[in-house]
Amino acid sequence: LCINVVAPSLDVVSNNGVSGTWSPSTINTSVAGTSTYTFTPDAGVCASVVTMDIEVVSPPVIDPGTDQTINCISNIGGAPIGSDPIVGNTYSWSPSNGLSDPSDSDPVANPLTNTLYTLTVTNLAGCSSVGSVNVFVDTDPPVIGITNNTGTTTLTCVDIDISLTATGGNTYSWDNGLGTSDNVSINSPGTYTVIGTGINGCEAGSSIEITQNNDVDLVV
């Protein structure tokens with residue numbers, strides 16, 4: 001019997017019709033281990049005293065693992081959950097979606113959204129334990145923008161530099177050799193792109209076109 005289950009009653013009449021009493025009179029499942037129960041026939045009944053051993057089994061050890069996060073820099077392709085298998089135990093994960101094998105003790109979880117996985121472990125005696133682990137999915141790219149601090153996208157004889165600031169990321173990388181600062185100064189026409197990386201390691205980009213107009217307006 002599994003520990004703490006509701007125990008069956010002890011029949012006071014045997015299968016062949018012998019009546020008697022049990023000692024102890026009821027089965028105790030609160031403590032793991034083996035106990036002996038003795039059946040004594042009633043006085044005057046021609047029958048022998050018999051015993052029965054009942055083993056109370058502890059539930060299996062369960063280790064669903066620690067909560068995991070899937071993002072663009074860690075657990076790429078899936079997060080390992082669970083732990084090493086124990087011989088004789090069977091394993092069942094729910095829900096099964098996103099799992100490499102829901103009957104493994106330590107599958108790889110790759111869900112599309114945040115998922116709470118529940119693990120049921122059953123030992124050879126049929127006793128079960130239940131545990132759970134969270135797998136969080138954080139793969140949203142940052143929203144990268146470019147703020148034009150100068151207010152114009154055209155270089156002129158007056159506006160010889162245009163100041164730009166990248167926003168929305170944790171780190172940045174500009175093309176055209178502009179480096180990795182969030183603030184850059186543009187002094188030649190062209191299309192400029194910045195790639196921003198979020199804390200979760202995911203990337204996104206934004207571009208701005210800078211033109212040049214050095215025509216001189218003559219006033220007569």
# chains A, B, ... in the order shown; residues from 1 in each chain; ligands from 1
>>> residues_around(residues="Thr113 in chain A", least_positions_apart="4", cutoff="12 Å", atoms="only C-alpha atoms", output="list in words")
Thr69, Ile70, Asn71, Gly78, Asn97, Gly98, Ala109, Tyr117, Asn134, Val135, Phe136, Val137, Asp138, Thr139 and Asp140 of chain A
>>> write_last_selection(atoms="N, CA, C and O atoms", output="mmCIF file, in the first residue's frame")
data_model
loop_
_atom_site.group_PDB
_atom_site.id
_atom_site.type_symbol
_atom_site.label_atom_id
_atom_site.label_comp_id
_atom_site.auth_asym_id
_atom_site.auth_seq_id
_atom_site.Cartn_x
_atom_site.Cartn_y
_atom_site.Cartn_z
ATOM 1 N N THR A 69 14.333 29.519 -18.557
ATOM 2 C CA THR A 69 13.934 30.581 -19.490
ATOM 3 C C THR A 69 14.597 30.333 -20.838
ATOM 4 O O THR A 69 15.804 30.102 -20.919
ATOM 5 N N ILE A 70 13.789 30.380 -21.874
ATOM 6 C CA ILE A 70 14.288 30.285 -23.246
ATOM 7 C C ILE A 70 14.339 31.686 -23.826
ATOM 8 O O ILE A 70 13.324 32.397 -23.849
ATOM 9 N N ASN A 71 15.517 32.134 -24.259
ATOM 10 C CA ASN A 71 15.626 33.412 -24.947
ATOM 11 C C ASN A 71 16.630 33.277 -26.084
ATOM 12 O O ASN A 71 16.953 32.165 -26.506
ATOM 13 N N GLY A 78 15.540 24.899 -26.894
ATOM 14 C CA GLY A 78 14.822 24.158 -25.865
ATOM 15 C C GLY A 78 15.567 24.135 -24.551
ATOM 16 O O GLY A 78 16.795 24.256 -24.499
ATOM 17 N N ASN A 97 2.829 19.133 -25.157
ATOM 18 C CA ASN A 97 3.253 19.977 -26.271
ATOM 19 C C ASN A 97 4.577 20.675 -25.944
ATOM 20 O O ASN A 97 4.798 21.181 -24.852
ATOM 21 N N GLY A 98 5.446 20.659 -26.926
ATOM 22 C CA GLY A 98 6.751 21.295 -26.773
ATOM 23 C C GLY A 98 7.803 20.403 -26.167
ATOM 24 O O GLY A 98 8.964 20.828 -26.037
ATOM 25 N N ALA A 109 12.282 20.866 -23.227
ATOM 26 C CA ALA A 109 11.032 21.613 -23.417
ATOM 27 C C ALA A 109 11.285 22.808 -24.325
ATOM 28 O O ALA A 109 12.198 23.604 -24.079
ATOM 29 N N TYR A 117 4.805 22.920 -16.663
ATOM 30 C CA TYR A 117 4.802 21.477 -16.898
ATOM 31 C C TYR A 117 4.666 20.742 -15.562
ATOM 32 O O TYR A 117 5.362 21.064 -14.595
ATOM 33 N N ASN A 134 8.317 25.574 -14.303
ATOM 34 C CA ASN A 134 7.941 26.575 -15.297
ATOM 35 C C ASN A 134 9.009 26.697 -16.372
ATOM 36 O O ASN A 134 10.213 26.680 -16.079
ATOM 37 N N VAL A 135 8.567 26.837 -17.611
ATOM 38 C CA VAL A 135 9.458 27.191 -18.712
ATOM 39 C C VAL A 135 8.942 28.503 -19.295
ATOM 40 O O VAL A 135 7.826 28.564 -19.835
ATOM 41 N N PHE A 136 9.745 29.549 -19.145
ATOM 42 C CA PHE A 136 9.372 30.871 -19.635
ATOM 43 C C PHE A 136 10.005 31.105 -21.008
ATOM 44 O O PHE A 136 11.150 30.710 -21.248
ATOM 45 N N VAL A 137 9.245 31.733 -21.891
ATOM 46 C CA VAL A 137 9.731 32.016 -23.240
ATOM 47 C C VAL A 137 9.845 33.523 -23.402
ATOM 48 O O VAL A 137 8.860 34.256 -23.291
ATOM 49 N N ASP A 138 11.082 33.983 -23.636
ATOM 50 C CA ASP A 138 11.356 35.417 -23.782
ATOM 51 C C ASP A 138 12.172 35.628 -25.054
ATOM 52 O O ASP A 138 13.391 35.783 -25.019
ATOM 53 N N THR A 139 11.488 35.590 -26.195
ATOM 54 C CA THR A 139 12.176 35.718 -27.480
ATOM 55 C C THR A 139 11.666 36.905 -28.293
ATOM 56 O O THR A 139 11.896 36.972 -29.501
ATOM 57 N N ASP A 140 10.967 37.831 -27.640
ATOM 58 C CA ASP A 140 10.490 39.005 -28.367
ATOM 59 C C ASP A 140 11.662 39.936 -28.674
ATOM 60 O O ASP A 140 12.458 40.262 -27.777
#
>>> select_by_dssp(residues="range 2-201 of chain A", states="strand (DSSP E or B)", output="PyMOL selection string")
chain A and resi 2+13+19-23+33-41+50-57+68-70+79-80+90-94+99+108-109+115-122+128-137+145-148+154-155+162-167+171-174+179+183-186+190-197
>>> residues_around(residues="Gly179 in chain A", least_positions_apart="6", cutoff="10 Å", atoms="only C-alpha atoms", output="PyMOL selection string")
chain A and resi 172-173+194
>>> atom_distance(atom1="CA of Asp53 in chain A", atom2="CA of Tyr37 in chain A")
6.2 Å
>>> atom_distance(atom1="CA of Pro8 in chain A", atom2="CA of Cys46 in chain A")
26.6 Å
>>> residues_around(residues="Val49 in chain A", least_positions_apart="4", cutoff="9 Å", atoms="only C-alpha atoms", output="VMD selection string")
chain A and resid 38 to 41
>>> residues_around(residues="range 54-56 of chain A", least_positions_apart="2", cutoff="9 Å", atoms="only C-alpha atoms", output="list in words")
Leu1, Cys2, Ile3, Asn4, Ile27, Asn28, Thr29, Ser30, Val31, Ala32, Gly33, Thr34, Ser35, Thr36, Tyr37, Met52 and Ser58 of chain A
>>> closest_atom_pairs(of="range 41-87 of chain A", to="range 118-124 of chain A", cutoff="8 Å", atoms="only C-alpha atoms", output="JSON lines")
{"residue": "A:Pro59", "atom": "CA", "partner": "A:Asn123", "partner_atom": "CA", "distance": 7.4}
{"residue": "A:Pro60", "atom": "CA", "partner": "A:Asn123", "partner_atom": "CA", "distance": 5.9}
{"residue": "A:Val61", "atom": "CA", "partner": "A:Val121", "partner_atom": "CA", "distance": 8.0}
{"residue": "A:Ile62", "atom": "CA", "partner": "A:Val121", "partner_atom": "CA", "distance": 6.6}
{"residue": "A:Pro64", "atom": "CA", "partner": "A:Leu119", "partner_atom": "CA", "distance": 6.4}
>>> atom_distance(atom1="CA of Thr211 in chain A", atom2="CA of Asn170 in chain A")
28.4 Å
>>> decode(residues="range 49-64 of chain A", atoms="C-alpha atoms", output="PDB file, in the first residue's frame")
ATOM      1  CA  VAL A  49      -3.695 -18.452  13.812  1.00  0.00           C
ATOM      2  CA  VAL A  50      -2.371 -16.853  10.619  1.00  0.00           C
ATOM      3  CA  THR A  51      -0.377 -13.709   9.907  1.00  0.00           C
ATOM      4  CA  MET A  52      -0.194 -11.278   7.008  1.00  0.00           C
ATOM      5  CA  ASP A  53       2.601  -8.797   6.292  1.00  0.00           C
ATOM      6  CA  ILE A  54       1.574  -5.448   4.822  1.00  0.00           C
ATOM      7  CA  GLU A  55       4.198  -3.145   3.374  1.00  0.00           C
ATOM      8  CA  VAL A  56       3.541   0.600   3.307  1.00  0.00           C
ATOM      9  CA  VAL A  57       5.592   2.191   0.532  1.00  0.00           C
ATOM     10  CA  SER A  58       6.853   5.767   0.441  1.00  0.00           C
ATOM     11  CA  PRO A  59       6.138   7.818  -2.686  1.00  0.00           C
ATOM     12  CA  PRO A  60       8.941   8.081  -5.243  1.00  0.00           C
ATOM     13  CA  VAL A  61      11.412  10.939  -5.083  1.00  0.00           C
ATOM     14  CA  ILE A  62      10.472  13.590  -7.621  1.00  0.00           C
ATOM     15  CA  ASP A  63      12.667  16.288  -9.112  1.00  0.00           C
ATOM     16  CA  PRO A  64      11.042  18.253 -11.947  1.00  0.00           C
TER      17      PRO A  64
END
